[in-house]
There are 2 protein chains.
Amino acid sequence: MRRGRRAPAPQAKPLAGPPRQLSHPFTPQRLFPDDRIAAMHDLALKVLEELGMKILLPEACRIFAAAGARVEGEMVFIGRDIVAAALDSAPKRIAMKAPNPDWSRDVAPGRVIFTPGGGCPNVFDRVRGRRPGDLQAYREAQMLVQSFGVLHKTAAAPEPQDVPVELRHYAVLEAQLGLTDKPVFVAGRGRAQVMESFDLLRLALNLTDDEFEAGAWTSTVVNTNSPRLLDRPMAEALIDFARAGQMSIVTPFCLAGAMAPITVAGALVLQHAEALAGIALTQLARPGAPVMYGGFGSNVDMRSGAPAFGTPEHVQMQLGSGQLARHIGLPWRSAAGTAANVSDAQAAGETHMSLWGALMAGATLVVHAAGWLEGGLTLGFEKLVLDVEALRILEHLCTPPDDSDAALGFDALAEVAPGGHFFDTGQTMARYRDAFLPPLVADLSNYGSWEAAGQQRADERATAIWQGILRDFTPPDGAGERLERMADYIARGRARGGAAVVA
Amino acid sequence: MRRGRRAPAPQAKPLAGPPRQLSHPFTPQRLFPDDRIAAMHDLALKVLEELGMKILLPEACRIFAAAGARVEGEMVFIGRDIVAAALDSAPKRIAMKAPNPDWSRDVAPGRVIFTPGGGCPNVFDRVRGRRPGDLQAYREAQMLVQSFGVLHKTAAAPEPQDVPVELRHYAVLEAQLGLTDKPVFVAGRGRAQVMESFDLLRLALNLTDDEFEAGAWTSTVVNTNSPRLLDRPMAEALIDFARAGQMSIVTPFCLAGAMAPITVAGALVLQHAEALAGIALTQLARPGAPVMYGGFGSNVDMRSGAPAFGTPEHVQMQLGSGQLARHIGLPWRSAAGTAANVSDAQAAGETHMSLWGALMAGATLVVHAAGWLEGGLTLGFEKLVLDVEALRILEHLCTPPDDSDAALGFDALAEVAPGGHFFDTGQTMARYRDAFLPPLVADLSNYGSWEAAGQQRADERATAIWQGILRDFTPPDGAGERLERMADYIARGRARGGAAVVA
């Protein structure tokens, strides 16, 4: 494509921002007829009433009993009146707060929020290989997430396994609050750690108790142990986050054919029952507490029993989850994912399938949207960069293109003779700087140039990108002050050996 | 995931079929308000009336002139009455016929048809590397396409460059009709070759002239030379295919910022004008001739001028094309694509983005759905296998899951204790064989097993799949008879030096 006069090359758009609240561009899609969604909801109520949930925390059982549930040992049979009251009091719109108010987010149906891969014990990059997560890698993950504006919450991975678990919450908050200014994640590892984490958030963000409780300054993901089991730390987290006005994301992890029924519809009924039980507990602990409906369902490979992601069943679980969430009117969390062990075509394919599934399903929060490998066992730095490319494309799609008369542009069409080109029309010259989203990792050069430049695959090119970000990273404004305000509290905590965790 | 009793492993589902006509599972999405789509249509009519098309074939100019168009040299100014009449007579539903009637397809809004990458001069596989297309590779591509039931037409790539162009149509039809039983592609390389190709199709398929003209036994893609130029072979193809009752797929290739306006809306107006001109020519040549509306639009990278695929602008062009196609009521063709040079994460990401774009846009025909690399310069065998995995997932999504009471399955839920598993419930045992789509290339094994097995990337695993298919390939029933019926005609054609092409 040769021509004489040509618009100068545009600059790359800033990766880090500006922060923008995204709304879904597409209509949420139906998988099941509405009456079958209603039937699934009713059946989930029957499951809770007749089969019940096993809840390993006596305090939670007492809360349910006080609300009128039948409790037999650890088995809790939750009546539909309890669920109905919970769905009535659960907020349909949640103010998710961030240290930097520009990153605060409206958590409500119609909005879309992307968060990086969470919960990964391991970390991988092409320079240092695959290894157990450590604090250095956890801090690096924060820097990467802070540097990509399309990631809307801090990284909850990789797990900093080199920090003793009693002290881990200190290191984790120092990293999140010292390296990012996005909404903070707190793991539900028992009351002692959660309470100290809340203390630290109030200190770091300079909030009174009332100010803290008035917004969701942090959130946690509560996974049920499907089928129908809620363990101690998870139950405790639901209660503690609710009482403090902080957000729980109740997420059964229902793998159809393994810990959930083999049918998509059956796995959804189980997911729905478990999510409703968790939501009910938050509302009994504190009516109006911020809580999200969560679904992370996929299937196992029936030949090996291995979890699979990006499959048709994964997408179908997403679509059905969206319908169930809309049936009860709550904002909801979905998740992308891949089972691939390396950032190859499989990894990209599975993540893209499940990202589009989340988009078609109208998910409010898309978790594991970047960097997840091996079904969540590893956070991959190259994978994170590659997925950010996908998310930037989806972000761009959230803004409809210019449809003004000038954009339709009869004048530009009249300016170019048949067989000519539009490189230098007035319309092109006026718009070329911002016309298109420039690629982040994608290499658009032809085969000869690509070959001459070393035949790098996309994951190889991604290495230089995360390396450059880490090399040039500067913490956001206010980070130093946040760390200072937490310093004494953390020093005292470390001195006394930290806080116990609940298993 | 350990357990005692377990369902035996299901067999892989057959890759080759059974043939199934797919319908879109999702609602086509709007990008522009309806009134702006109407404005684009009107502006396209104004472009045709006031700016005109340059048409390099005098016969086509005469046809337009006879219909009342103003013709000045090669410039043809097409009135909106001509377009309106064409849209009135163009069929809204086309019977696309195949040598095997099971592969015949209903080409109509709401249907979805996937075809492999076409038009590629080169071919790539990991064993033999990148090389110019030759007849051997073209024949191998037919075998691969025949073996994947999710590919609904023959391969129109790679170009068999070792066959003299005057003789190429013989070799190409021998390959398609001798190795597949799916709908056949004929390239529009001028009247002589097209007419001989029609003769050969009638012979091979044992059809009378009337039978041939009563269905679309073959199709061709007609690309305009954007902006506003229709060359000789393309114009001739439109006329010849229409007169023979065969299907033209009129596809402007509008790269925003290069041969089309820099705005998505402007590029769509140009695409629409050019497509309407082509459609009009088919209907003037023979009212009611089968013709598809085509859109293959994306953007160039403004830093390098290189074509980009799987971008937000590509998806937006797809969505807008779908709206314009629905505005005129015709079945329409979209296209997936990637600019990547190798089957890596970029290649997968771009193809997935544009496959989902086509799905969201409600495309009737998704061209280049498997195997396209380098923006169409190369057909990749591993890429084809990897894309078939994606297409099988989308195919699976075209069937809604079981939502019966048995699928919701209270009994199965009641059968499993809290914290248990569903590996051996009655529901699982009854359904495990067909419950999930088994992976084709995806490796779901854990990191240790994957590492021990040689750490193969997805594209490396794909090699063994196409190799196995080629090794075991058997031509479909009737292929030998088709070749026999063409043999004398082709021998005579070869003896006299074949048929001239028009450039």
# chains A, B, ... in the order shown; residues from 1 in each chain; ligands from 1

$ residues_around --residues "range 370-380 of chain A" --least-positions-apart "2" --cutoff "7 Å" --atoms "only C-alpha atoms" --output "ChimeraX atom specification"
/A:116-117,119-125,157-158,337-342,368,382-384,387-388 /B:446

$ write_last_selection --atoms "C-alpha atoms" --output "short mmCIF file (atom, residue, chain, number, x, y, z; two decimals), in the first residue's frame"
data_model
loop_
_atom_site.label_atom_id
_atom_site.label_comp_id
_atom_site.auth_asym_id
_atom_site.auth_seq_id
_atom_site.Cartn_x
_atom_site.Cartn_y
_atom_site.Cartn_z
CA PRO A 116 -7.67 -10.76 36.16
CA GLY A 117 -7.16 -14.42 36.93
CA GLY A 119 -6.74 -18.01 43.03
CA CYS A 120 -3.72 -19.41 41.18
CA PRO A 121 -1.14 -21.20 43.36
CA ASN A 122 1.52 -21.01 40.64
CA VAL A 123 2.94 -18.41 38.30
CA PHE A 124 4.49 -18.72 34.86
CA ASP A 125 6.45 -16.50 32.60
CA ALA A 157 -3.08 -14.22 42.25
CA PRO A 158 -0.59 -15.79 42.26
CA GLY A 337 -11.04 -19.83 31.63
CA THR A 338 -8.81 -22.30 29.89
CA ALA A 339 -7.38 -25.70 30.68
CA ALA A 340 -4.34 -25.12 28.48
CA ASN A 341 -0.88 -25.46 29.99
CA VAL A 342 0.73 -22.81 27.83
CA HIS A 368 -10.35 -14.78 35.43
CA GLU A 382 2.27 -13.68 28.82
CA LYS A 383 -1.26 -15.05 28.98
CA LEU A 384 -2.31 -11.97 30.93
CA ASP A 387 -5.90 -11.68 27.19
CA VAL A 388 -5.66 -7.94 27.75
CA ASN B 446 -2.43 -31.41 33.89
#

$ select_by_dssp --residues "range 273-363 of chain B" --states "helix (DSSP H, G or I)" --output "VMD selection string"
chain B and resid 273 to 285 312 to 328 345 to 360

$ interface_residues --of "chain B" --to "chain A" --cutoff "6 Å" --atoms "only C-alpha atoms" --output "PyMOL selection string"
chain B and resi 9+226-229+257-263+265-266+303+312+339+341+344-346+348-349+393+397+407-409+418-419+421-423+428+442+444+447+458

$ write_last_selection --atoms "N, CA, C and O atoms" --output "short mmCIF file (atom, residue, chain, number, x, y, z; two decimals), in the first residue's frame"
data_model
loop_
_atom_site.label_atom_id
_atom_site.label_comp_id
_atom_site.auth_asym_id
_atom_site.auth_seq_id
_atom_site.Cartn_x
_atom_site.Cartn_y
_atom_site.Cartn_z
N ALA B 9 -15.26 -44.60 29.30
CA ALA B 9 -15.00 -43.42 28.48
C ALA B 9 -15.83 -43.45 27.21
O ALA B 9 -15.94 -44.48 26.55
N SER B 226 -12.76 -2.29 -4.58
CA SER B 226 -13.15 -1.07 -3.89
C SER B 226 -12.05 -0.02 -4.03
O SER B 226 -10.87 -0.36 -3.98
N PRO B 227 -12.40 1.25 -4.17
CA PRO B 227 -13.77 1.75 -4.24
C PRO B 227 -14.35 1.78 -5.66
O PRO B 227 -13.67 2.17 -6.59
N ARG B 228 -15.59 1.34 -5.76
CA ARG B 228 -16.47 1.60 -6.91
C ARG B 228 -15.94 1.11 -8.24
O ARG B 228 -16.13 1.77 -9.26
N LEU B 229 -15.28 -0.02 -8.23
CA LEU B 229 -14.75 -0.56 -9.47
C LEU B 229 -15.14 -2.04 -9.58
O LEU B 229 -14.98 -2.79 -8.61
N GLY B 257 -9.97 2.87 6.02
CA GLY B 257 -8.71 3.61 6.13
C GLY B 257 -7.79 3.38 4.95
O GLY B 257 -6.75 4.03 4.83
N ALA B 258 -8.15 2.47 4.05
CA ALA B 258 -7.30 2.21 2.87
C ALA B 258 -8.18 2.34 1.62
O ALA B 258 -8.33 3.43 1.08
N MET B 259 -8.79 1.23 1.20
CA MET B 259 -9.64 1.30 0.01
C MET B 259 -11.09 1.63 0.37
O MET B 259 -11.98 1.57 -0.49
N ALA B 260 -11.33 1.99 1.61
CA ALA B 260 -12.66 2.41 2.05
C ALA B 260 -12.48 3.53 3.07
O ALA B 260 -11.39 3.70 3.63
N PRO B 261 -13.54 4.29 3.31
CA PRO B 261 -13.44 5.38 4.29
C PRO B 261 -12.95 4.89 5.65
O PRO B 261 -13.10 3.71 5.99
N ILE B 262 -12.38 5.79 6.40
CA ILE B 262 -11.76 5.45 7.69
C ILE B 262 -12.81 5.16 8.76
O ILE B 262 -12.49 4.56 9.78
N THR B 263 -14.05 5.56 8.53
CA THR B 263 -15.10 5.28 9.52
C THR B 263 -15.79 3.96 9.18
O THR B 263 -15.94 3.61 8.01
N ALA B 265 -18.92 3.41 9.56
CA ALA B 265 -20.17 3.76 8.87
C ALA B 265 -19.91 4.07 7.40
O ALA B 265 -20.67 3.65 6.51
N GLY B 266 -18.84 4.81 7.12
CA GLY B 266 -18.52 5.16 5.74
C GLY B 266 -18.10 3.95 4.93
O GLY B 266 -18.49 3.79 3.76
N ARG B 303 -0.63 2.60 11.64
CA ARG B 303 0.82 2.81 11.75
C ARG B 303 1.57 2.19 10.59
O ARG B 303 2.64 2.65 10.22
N PRO B 312 -11.86 -4.67 16.75
CA PRO B 312 -13.21 -4.16 17.02
C PRO B 312 -13.89 -3.67 15.74
O PRO B 312 -15.09 -3.87 15.55
N ALA B 339 -4.58 -11.93 10.75
CA ALA B 339 -3.37 -11.46 10.07
C ALA B 339 -2.14 -12.22 10.55
O ALA B 339 -1.04 -11.98 10.05
N ASN B 341 0.87 -14.82 11.25
CA ASN B 341 1.69 -15.59 10.33
C ASN B 341 1.85 -17.05 10.75
O ASN B 341 2.42 -17.84 10.00
N ASP B 344 -0.72 -19.30 16.29
CA ASP B 344 -0.44 -19.03 17.69
C ASP B 344 -1.66 -18.40 18.36
O ASP B 344 -2.78 -18.47 17.84
N ALA B 345 -1.43 -17.81 19.54
CA ALA B 345 -2.53 -17.21 20.28
C ALA B 345 -3.15 -16.04 19.52
O ALA B 345 -4.36 -15.82 19.58
N GLN B 346 -2.33 -15.29 18.79
CA GLN B 346 -2.89 -14.19 17.98
C GLN B 346 -3.84 -14.73 16.93
O GLN B 346 -4.96 -14.23 16.75
N ALA B 348 -5.48 -17.53 16.86
CA ALA B 348 -6.70 -18.05 17.47
C ALA B 348 -7.59 -16.91 17.94
O ALA B 348 -8.80 -16.91 17.74
N GLY B 349 -6.99 -15.90 18.57
CA GLY B 349 -7.76 -14.79 19.09
C GLY B 349 -8.49 -14.04 17.98
O GLY B 349 -9.69 -13.78 18.09
N ILE B 393 -17.50 -26.24 18.47
CA ILE B 393 -18.10 -25.65 19.67
C ILE B 393 -19.31 -24.79 19.28
O ILE B 393 -20.39 -24.90 19.87
N LEU B 397 -23.35 -25.28 20.00
CA LEU B 397 -24.19 -24.24 20.59
C LEU B 397 -25.46 -23.99 19.79
O LEU B 397 -26.39 -23.35 20.28
N ALA B 407 -33.76 -33.67 32.88
CA ALA B 407 -32.47 -32.99 32.80
C ALA B 407 -32.25 -32.12 34.03
O ALA B 407 -31.14 -32.06 34.58
N LEU B 408 -33.29 -31.43 34.49
CA LEU B 408 -33.16 -30.65 35.72
C LEU B 408 -32.84 -31.58 36.88
O LEU B 408 -32.02 -31.26 37.74
N GLY B 409 -33.53 -32.72 36.90
CA GLY B 409 -33.06 -33.87 37.66
C GLY B 409 -33.02 -33.78 39.17
O GLY B 409 -31.94 -33.92 39.76
N PRO B 418 -24.05 -34.14 50.37
CA PRO B 418 -23.22 -32.93 50.34
C PRO B 418 -21.73 -33.29 50.29
O PRO B 418 -21.28 -34.18 51.02
N GLY B 419 -21.00 -32.62 49.40
CA GLY B 419 -19.58 -32.89 49.25
C GLY B 419 -19.26 -34.12 48.43
O GLY B 419 -18.08 -34.46 48.25
N HIS B 421 -20.04 -36.67 44.79
CA HIS B 421 -19.83 -36.45 43.36
C HIS B 421 -20.90 -37.15 42.55
O HIS B 421 -21.62 -38.03 43.06
N PHE B 422 -21.01 -36.74 41.30
CA PHE B 422 -22.07 -37.23 40.41
C PHE B 422 -21.56 -38.22 39.37
O PHE B 422 -22.23 -38.47 38.39
N PHE B 423 -20.35 -38.76 39.60
CA PHE B 423 -19.78 -39.64 38.58
C PHE B 423 -20.66 -40.84 38.27
O PHE B 423 -20.65 -41.36 37.17
N THR B 428 -26.09 -39.64 35.33
CA THR B 428 -24.79 -39.64 34.65
C THR B 428 -24.63 -40.91 33.82
O THR B 428 -24.20 -40.83 32.65
N ALA B 442 -7.70 -29.83 21.81
CA ALA B 442 -7.43 -29.35 23.17
C ALA B 442 -6.88 -30.48 24.02
O ALA B 442 -7.36 -31.61 23.98
N LEU B 444 -6.40 -31.51 27.81
CA LEU B 444 -6.91 -31.15 29.13
C LEU B 444 -6.08 -31.76 30.25
O LEU B 444 -6.43 -31.67 31.41
N TYR B 447 -0.39 -30.15 34.10
CA TYR B 447 0.91 -29.66 33.64
C TYR B 447 1.96 -30.77 33.62
O TYR B 447 2.72 -30.89 32.66
N ALA B 458 -0.71 -26.45 20.96
CA ALA B 458 -1.90 -26.90 20.22
C ALA B 458 -1.59 -27.09 18.74
O ALA B 458 -2.06 -28.06 18.12
#

$ select_by_dssp --residues "range 248-472 of chain A" --states "strand (DSSP E or B)" --output "NGL selection string"
:A and (248-250 or 253-256 or 260 or 291-294 or 296-300 or 307-308 or 332-335 or 365-367 or 372-373 or 378-380)

$ residues_around --residues "Gln142 in chain B" --least-positions-apart "4" --cutoff "8 Å" --atoms "only C-alpha atoms" --output "PDB file with C-alpha atoms, in the first residue's frame"
ATOM      1  CA  TYR B 138      -5.281 -28.352  -2.998  1.00  0.00           C
ATOM      2  CA  GLN B 146     -14.521 -33.538   3.443  1.00  0.00           C
ATOM      3  CA  THR B 154     -15.410 -27.506  -0.513  1.00  0.00           C
ATOM      4  CA  ALA B 155     -12.074 -25.762  -0.066  1.00  0.00           C
ATOM      5  CA  ALA B 175     -10.347 -32.561  -6.878  1.00  0.00           C
ATOM      6  CA  GLN B 176     -13.609 -31.172  -5.520  1.00  0.00           C
ATOM      7  CA  LEU B 179     -12.647 -36.077  -3.103  1.00  0.00           C
ATOM      8  CA  THR B 180     -15.722 -34.429  -1.589  1.00  0.00           C
TER       9      THR B 180
END

$ atom_distance --atom1 "CA of Leu48 in chain B" --atom2 "CA of Glu274 in chain B"
8.0 Å

$ atom_distance --atom1 "CA of Pro476 in chain B" --atom2 "CA of Ala98 in chain B"
12.6 Å

$ residues_around --residues "Gly190 in chain B" --least-positions-apart "5" --cutoff "7 Å" --atoms "only C-alpha atoms" --output "PyMOL selection string"
chain B and resi 233+236-237+501-502

$ residues_around --residues "Ala67 in chain A" --least-positions-apart "3" --cutoff "12 Å" --atoms "only C-alpha atoms" --output "number ranges by chain"
A: 60-64, 70-71, 76-83, 85-86, 280-281, 283-285

$ residues_around --residues "Met247 in chain B" --least-positions-apart "5" --cutoff "7 Å" --atoms "only C-alpha atoms" --output "PyMOL selection string"
chain B and resi 216+218-220+241-242+290-291

$ atom_distance --atom1 "CA of Leu238 in chain A" --atom2 "CA of Pro99 in chain A"
22.8 Å

$ closest_residue --among "B:Ala487, B:Ala95, B:Met195, B:Leu470" --to "Phe381 in chain B" --atoms "only C-alpha atoms"
B:Leu470

$ decode --residues "range 231-265 of chain B" --atoms "N, CA and C atoms" --output "short mmCIF file (atom, residue, chain, number, x, y, z; two decimals), in the first residue's frame"
data_model
loop_
_atom_site.label_atom_id
_atom_site.label_comp_id
_atom_site.auth_asym_id
_atom_site.auth_seq_id
_atom_site.Cartn_x
_atom_site.Cartn_y
_atom_site.Cartn_z
N ASP B 231 -14.32 -5.23 -12.10
CA ASP B 231 -13.46 -5.56 -13.23
C ASP B 231 -14.13 -6.55 -14.18
N ARG B 232 -13.44 -6.88 -15.27
CA ARG B 232 -14.04 -7.71 -16.32
C ARG B 232 -14.42 -9.11 -15.84
N PRO B 233 -13.49 -9.89 -15.29
CA PRO B 233 -13.89 -11.26 -14.93
C PRO B 233 -14.99 -11.28 -13.87
N MET B 234 -14.95 -10.33 -12.96
CA MET B 234 -15.96 -10.33 -11.90
C MET B 234 -17.34 -9.98 -12.48
N ALA B 235 -17.37 -8.97 -13.36
CA ALA B 235 -18.64 -8.59 -13.97
C ALA B 235 -19.17 -9.74 -14.82
N GLU B 236 -18.28 -10.38 -15.53
CA GLU B 236 -18.69 -11.50 -16.38
C GLU B 236 -19.22 -12.66 -15.53
N ALA B 237 -18.56 -12.90 -14.40
CA ALA B 237 -19.03 -13.98 -13.52
C ALA B 237 -20.44 -13.69 -13.02
N LEU B 238 -20.69 -12.44 -12.65
CA LEU B 238 -22.04 -12.11 -12.17
C LEU B 238 -23.08 -12.43 -13.23
N ILE B 239 -22.77 -12.07 -14.48
CA ILE B 239 -23.72 -12.31 -15.56
C ILE B 239 -23.86 -13.81 -15.83
N ASP B 240 -22.73 -14.49 -15.94
CA ASP B 240 -22.77 -15.90 -16.34
C ASP B 240 -23.39 -16.79 -15.27
N PHE B 241 -23.03 -16.55 -14.02
CA PHE B 241 -23.63 -17.35 -12.95
C PHE B 241 -25.13 -17.09 -12.87
N ALA B 242 -25.52 -15.83 -13.01
CA ALA B 242 -26.95 -15.51 -12.93
C ALA B 242 -27.70 -16.21 -14.05
N ARG B 243 -27.20 -16.10 -15.27
CA ARG B 243 -27.92 -16.70 -16.41
C ARG B 243 -28.06 -18.20 -16.26
N ALA B 244 -27.10 -18.82 -15.59
CA ALA B 244 -27.15 -20.28 -15.40
C ALA B 244 -27.86 -20.66 -14.11
N GLY B 245 -28.40 -19.68 -13.42
CA GLY B 245 -29.10 -19.98 -12.16
C GLY B 245 -28.16 -20.37 -11.03
N GLN B 246 -26.88 -20.04 -11.16
CA GLN B 246 -25.90 -20.38 -10.13
C GLN B 246 -25.66 -19.16 -9.22
N MET B 247 -25.10 -19.41 -8.05
CA MET B 247 -25.09 -18.38 -7.00
C MET B 247 -23.83 -17.51 -7.02
N SER B 248 -24.04 -16.20 -7.05
CA SER B 248 -22.95 -15.24 -6.85
C SER B 248 -22.99 -14.73 -5.42
N ILE B 249 -21.82 -14.57 -4.85
CA ILE B 249 -21.70 -14.01 -3.51
C ILE B 249 -20.94 -12.70 -3.68
N VAL B 250 -21.69 -11.60 -3.72
CA VAL B 250 -21.11 -10.30 -4.09
C VAL B 250 -20.46 -9.69 -2.86
N THR B 251 -19.15 -9.64 -2.86
CA THR B 251 -18.42 -9.30 -1.64
C THR B 251 -17.40 -8.20 -1.86
N PRO B 252 -17.78 -6.95 -1.63
CA PRO B 252 -16.76 -5.90 -1.57
C PRO B 252 -15.80 -6.22 -0.42
N PHE B 253 -14.52 -5.96 -0.61
CA PHE B 253 -13.54 -6.14 0.46
C PHE B 253 -13.11 -4.73 0.87
N CYS B 254 -13.81 -4.20 1.86
CA CYS B 254 -13.65 -2.79 2.23
C CYS B 254 -12.78 -2.67 3.48
N LEU B 255 -11.52 -2.32 3.28
CA LEU B 255 -10.62 -2.09 4.41
C LEU B 255 -10.69 -0.62 4.79
N ALA B 256 -11.32 -0.35 5.92
CA ALA B 256 -11.48 1.03 6.36
C ALA B 256 -10.11 1.68 6.55
N GLY B 257 -9.97 2.87 6.02
CA GLY B 257 -8.71 3.61 6.13
C GLY B 257 -7.79 3.38 4.95
N ALA B 258 -8.15 2.47 4.05
CA ALA B 258 -7.30 2.21 2.87
C ALA B 258 -8.18 2.34 1.62
N MET B 259 -8.79 1.23 1.20
CA MET B 259 -9.64 1.30 0.01
C MET B 259 -11.09 1.63 0.37
N ALA B 260 -11.33 1.99 1.61
CA ALA B 260 -12.66 2.41 2.05
C ALA B 260 -12.48 3.53 3.07
N PRO B 261 -13.54 4.29 3.31
CA PRO B 261 -13.44 5.38 4.29
C PRO B 261 -12.95 4.89 5.65
N ILE B 262 -12.38 5.79 6.40
CA ILE B 262 -11.76 5.45 7.69
C ILE B 262 -12.81 5.16 8.76
N THR B 263 -14.05 5.56 8.53
CA THR B 263 -15.10 5.28 9.52
C THR B 263 -15.79 3.96 9.18
N VAL B 264 -16.22 3.26 10.22
CA VAL B 264 -16.98 2.03 10.01
C VAL B 264 -18.25 2.33 9.20
N ALA B 265 -18.92 3.41 9.56
CA ALA B 265 -20.17 3.76 8.87
C ALA B 265 -19.91 4.07 7.40
#
